[in-house]
>>> print(open('structure-v3.tsv').read())   # TSV, C-alpha atoms
chain	number	residue	atom	x	y	z
A	1	MET	CA	7.99	6.15	33.21
A	2	ALA	CA	4.79	6.72	31.26
A	3	GLN	CA	4.87	8.45	27.90
A	4	TYR	CA	2.07	10.74	26.87
A	5	VAL	CA	0.44	11.50	23.54
A	6	ARG	CA	1.74	15.10	23.68
A	7	ASP	CA	5.31	13.74	23.71
A	8	ILE	CA	5.12	12.35	20.17
A	9	MET	CA	2.09	13.87	18.47
A	10	THR	CA	2.44	16.15	15.50
A	11	GLY	CA	1.12	19.46	16.77
A	12	ASP	CA	-0.50	22.34	14.94
A	13	PRO	CA	-2.51	20.15	12.55
A	14	VAL	CA	-3.57	21.37	9.14
A	15	THR	CA	-7.32	21.85	9.02
A	16	VAL	CA	-9.87	22.53	6.29
A	17	GLU	CA	-13.56	23.40	6.33
A	18	PRO	CA	-16.12	20.78	5.17
A	19	GLN	CA	-16.96	22.74	2.01
A	20	THR	CA	-13.33	22.68	0.78
A	21	SER	CA	-13.01	20.86	-2.54
A	22	VAL	CA	-11.15	17.55	-2.66
A	23	ALA	CA	-8.87	19.07	-5.32
A	24	ALA	CA	-7.88	21.86	-2.92
A	25	VAL	CA	-7.25	19.34	-0.13
A	26	ALA	CA	-5.14	17.20	-2.45
A	27	ARG	CA	-3.01	20.24	-3.33
A	28	ILE	CA	-2.57	21.04	0.39
A	29	MET	CA	-1.47	17.47	1.05
A	30	ARG	CA	0.97	17.57	-1.86
A	31	ASP	CA	2.42	20.97	-1.02
A	32	GLN	CA	2.82	20.25	2.70
A	33	ASP	CA	3.78	16.57	2.35
A	34	LEU	CA	0.81	15.35	4.40
A	35	GLY	CA	-1.12	12.11	4.37
A	36	ALA	CA	-4.05	13.48	6.38
A	37	VAL	CA	-5.75	16.72	7.33
A	38	LEU	CA	-8.43	17.42	9.88
A	39	VAL	CA	-11.85	18.69	8.84
A	40	THR	CA	-13.19	21.34	11.19
A	41	ASP	CA	-16.40	23.28	11.40
A	42	GLY	CA	-15.28	26.55	12.89
A	43	ASP	CA	-12.91	25.47	15.64
A	44	HIS	CA	-14.54	22.07	16.26
A	45	LEU	CA	-13.33	18.78	14.88
A	46	ARG	CA	-15.72	17.22	12.38
A	47	GLY	CA	-13.60	14.61	10.62
A	48	LEU	CA	-10.30	13.41	9.28
A	49	VAL	CA	-9.48	12.89	5.61
A	50	THR	CA	-6.53	10.95	4.24
A	51	ASP	CA	-5.04	10.83	0.79
A	52	ARG	CA	-6.58	7.37	0.43
A	53	ASP	CA	-10.00	8.72	1.43
A	54	LEU	CA	-9.79	11.29	-1.36
A	55	VAL	CA	-9.19	8.56	-3.92
A	56	VAL	CA	-11.53	5.84	-2.64
A	57	ARG	CA	-14.44	7.92	-1.35
A	58	SER	CA	-14.58	10.65	-3.97
A	59	LEU	CA	-12.38	10.44	-7.05
A	60	ALA	CA	-13.08	6.78	-7.78
A	61	ASP	CA	-16.79	7.56	-8.10
A	62	GLY	CA	-16.16	10.17	-10.78
A	63	GLY	CA	-17.26	13.75	-10.71
A	64	ASP	CA	-15.36	16.97	-10.69
A	65	PRO	CA	-12.76	17.14	-7.87
A	66	ASP	CA	-13.12	20.92	-7.88
A	67	GLU	CA	-16.84	20.51	-7.11
A	68	ILE	CA	-16.80	17.55	-4.69
A	69	THR	CA	-16.35	18.69	-1.11
A	70	VAL	CA	-14.19	17.05	1.50
A	71	ALA	CA	-17.27	16.51	3.69
A	72	ALA	CA	-18.18	13.53	1.49
A	73	ALA	CA	-14.71	12.00	1.74
A	74	CYS	CA	-13.84	12.42	5.41
A	75	SER	CA	-14.19	9.95	8.23
A	76	GLY	CA	-16.68	11.46	10.64
A	77	ASP	CA	-16.92	8.75	13.29
A	78	LEU	CA	-13.62	9.58	14.93
A	79	ILE	CA	-11.68	8.07	17.74
A	80	THR	CA	-9.79	10.85	19.53
A	81	VAL	CA	-7.32	11.18	22.39
A	82	ARG	CA	-6.24	14.02	24.64
A	83	PRO	CA	-2.62	15.13	24.78
A	84	ASP	CA	-2.40	14.17	28.47
A	85	GLU	CA	-3.43	10.55	27.85
A	86	GLU	CA	-0.84	7.81	28.09
A	87	LEU	CA	0.63	6.75	24.77
A	88	ASP	CA	-0.22	3.11	25.46
A	89	HIS	CA	-3.90	4.08	25.38
A	90	ALA	CA	-3.49	5.57	21.90
A	91	VAL	CA	-1.79	2.35	20.76
A	92	GLU	CA	-4.68	0.29	22.15
A	93	LEU	CA	-7.21	2.47	20.31
A	94	MET	CA	-5.31	2.16	17.03
A	95	ARG	CA	-5.29	-1.62	17.36
A	96	GLU	CA	-8.90	-1.88	18.49
A	97	HIS	CA	-10.25	0.35	15.71
A	98	ALA	CA	-7.67	-0.54	13.04
A	99	VAL	CA	-6.70	3.10	12.38
A	100	ARG	CA	-3.34	4.61	11.52
A	101	ARG	CA	-4.00	8.12	12.80
A	102	ILE	CA	-5.87	9.55	15.75
A	103	PRO	CA	-6.71	13.24	16.15
A	104	VAL	CA	-5.58	14.79	19.42
A	105	VAL	CA	-8.14	17.15	20.93
A	106	GLU	CA	-8.62	19.40	23.91
A	107	GLU	CA	-12.28	20.23	24.56
A	108	ASP	CA	-13.23	19.25	20.99
A	109	HIS	CA	-10.55	21.54	19.52
A	110	PRO	CA	-7.88	19.77	17.46
A	111	VAL	CA	-4.35	20.28	18.73
A	112	GLY	CA	-2.52	17.49	16.89
A	113	ILE	CA	-2.47	14.07	15.31
A	114	VAL	CA	-0.70	10.96	16.53
A	115	SER	CA	0.13	8.46	13.80
A	116	LEU	CA	1.45	4.97	13.41
A	117	GLY	CA	4.58	6.55	11.96
A	118	ASP	CA	5.00	8.71	15.07
A	119	LEU	CA	4.76	5.58	17.21
A	120	ALA	CA	7.25	3.70	15.04
A	121	MET	CA	9.75	6.53	15.31
A	122	GLU	CA	9.34	6.69	19.08
A	123	ARG	CA	9.30	2.99	19.85
A	124	ASP	CA	11.46	1.45	17.10
A	125	PRO	CA	13.23	4.08	15.00
A	126	GLU	CA	15.40	1.41	13.30
A	127	SER	CA	12.36	-0.47	11.98
A	128	ALA	CA	11.32	-0.36	8.35
A	129	LEU	CA	8.24	1.68	9.30
A	130	GLY	CA	10.41	4.08	11.27
A	131	ASP	CA	12.74	4.51	8.28
A	132	ILE	CA	9.83	5.06	5.90
A	133	SER	CA	8.20	7.54	8.27
A	134	VAL	CA	11.18	9.90	8.20
A	135	ALA	CA	12.08	9.47	4.52
A	136	LYS	CA	11.36	12.34	2.14
A	137	PRO	CA	8.94	11.34	-0.61
A	138	ASN	CA	10.20	10.92	-4.17
A	139	ILE	CA	7.82	13.23	-5.99
>>> encode(input="structure-v3.tsv", output="structure tokens")
Amino acid sequence: MAQYVRDIMTGDPVTVEPQTSVAAVARIMRDQDLGAVLVTDGDHLRGLVTDRDLVVRSLADGGDPDEITVAAACSGDLITVRPDEELDHAVELMREHAVRRIPVVEEDHPVGIVSLGDLAMERDPESALGDISVAKPNI
């Protein structure tokens, strides 16, 4: 029986506007224990930003994190899936494009994210990645 993206995706994704500062996004990620948030312009998906993006694409270059916007740090050339697509298709896209997260959209509106961790928990919950994916961070 086929599995679908909607069966394992994390729904109700956290979104920010492009003009949000990287410092504000970092605080959101910390406070909500997230590794990625979606960047939206109004209700339309514009990009995805990860904690690594914040460091590599903005903070490492210097500047004031309260002044640098997330628009400069986010990935804008996104691969997306719909919730009604088969999960195997999402896996193929992750492999093909070497990404760990894929936004889930309906008519360009973000409805979730499917991650490598979600897949690990679904397909091999006893794996190291599955264990790490459910572990609470030591902050």
>>> atom_distance(input="structure-v3.tsv", atom1="atom CA of A:Val111", atom2="atom CA of A:Ile8")
12.4 Å
>>> residues_near_point(input="structure-v3.tsv", point="(-6.1, 17.0, 26.5)", cutoff="7 Å", atoms="all atoms listed in the file", output="list in words")
Arg82, Pro83, Asp84, Val105 and Glu106 of chain A
>>> closest_residue(input="structure-v3.tsv", among="A:Gly35, A:Pro103, A:Pro18, A:Pro110", to="A:Ala72", atoms="all atoms listed in the file")
A:Pro18
>>> closest_residue(input="structure-v3.tsv", among="A:Asp88, A:Ser21, A:Asp118, A:His97", to="A:Cys74", atoms="only C-alpha atoms")
A:Ser21
>>> residues_around(input="structure-v3.tsv", residues="stretch 37-52 of chain A", least_positions_apart="3", cutoff="12 Å", atoms="only C-alpha atoms", output="VMD selection string")
chain A and resid 10 to 30 32 to 34 55 to 60 69 to 80 99 to 115
>>> atom_distance(input="structure-v3.tsv", atom1="atom CA of A:Leu93", atom2="atom CA of A:Ala120")
15.4 Å
>>> closest_residue(input="structure-v3.tsv", among="A:Met121, A:Met1, A:Glu67, A:Met9", to="A:Ala90", atoms="only C-alpha atoms")
A:Met9
>>> atom_distance(input="structure-v3.tsv", atom1="atom CA of A:Asp53", atom2="atom CA of A:Arg6")
26.0 Å
>>> closest_residue(input="structure-v3.tsv", among="A:Glu96, A:Asp66, A:Val91, A:Asp31", to="A:Leu116", atoms="all atoms listed in the file")
A:Val91
>>> closest_residue(input="structure-v3.tsv", among="A:Ile68, A:Gly62, A:Ala36, A:Leu119", to="A:Leu87", atoms="only C-alpha atoms")
A:Leu119
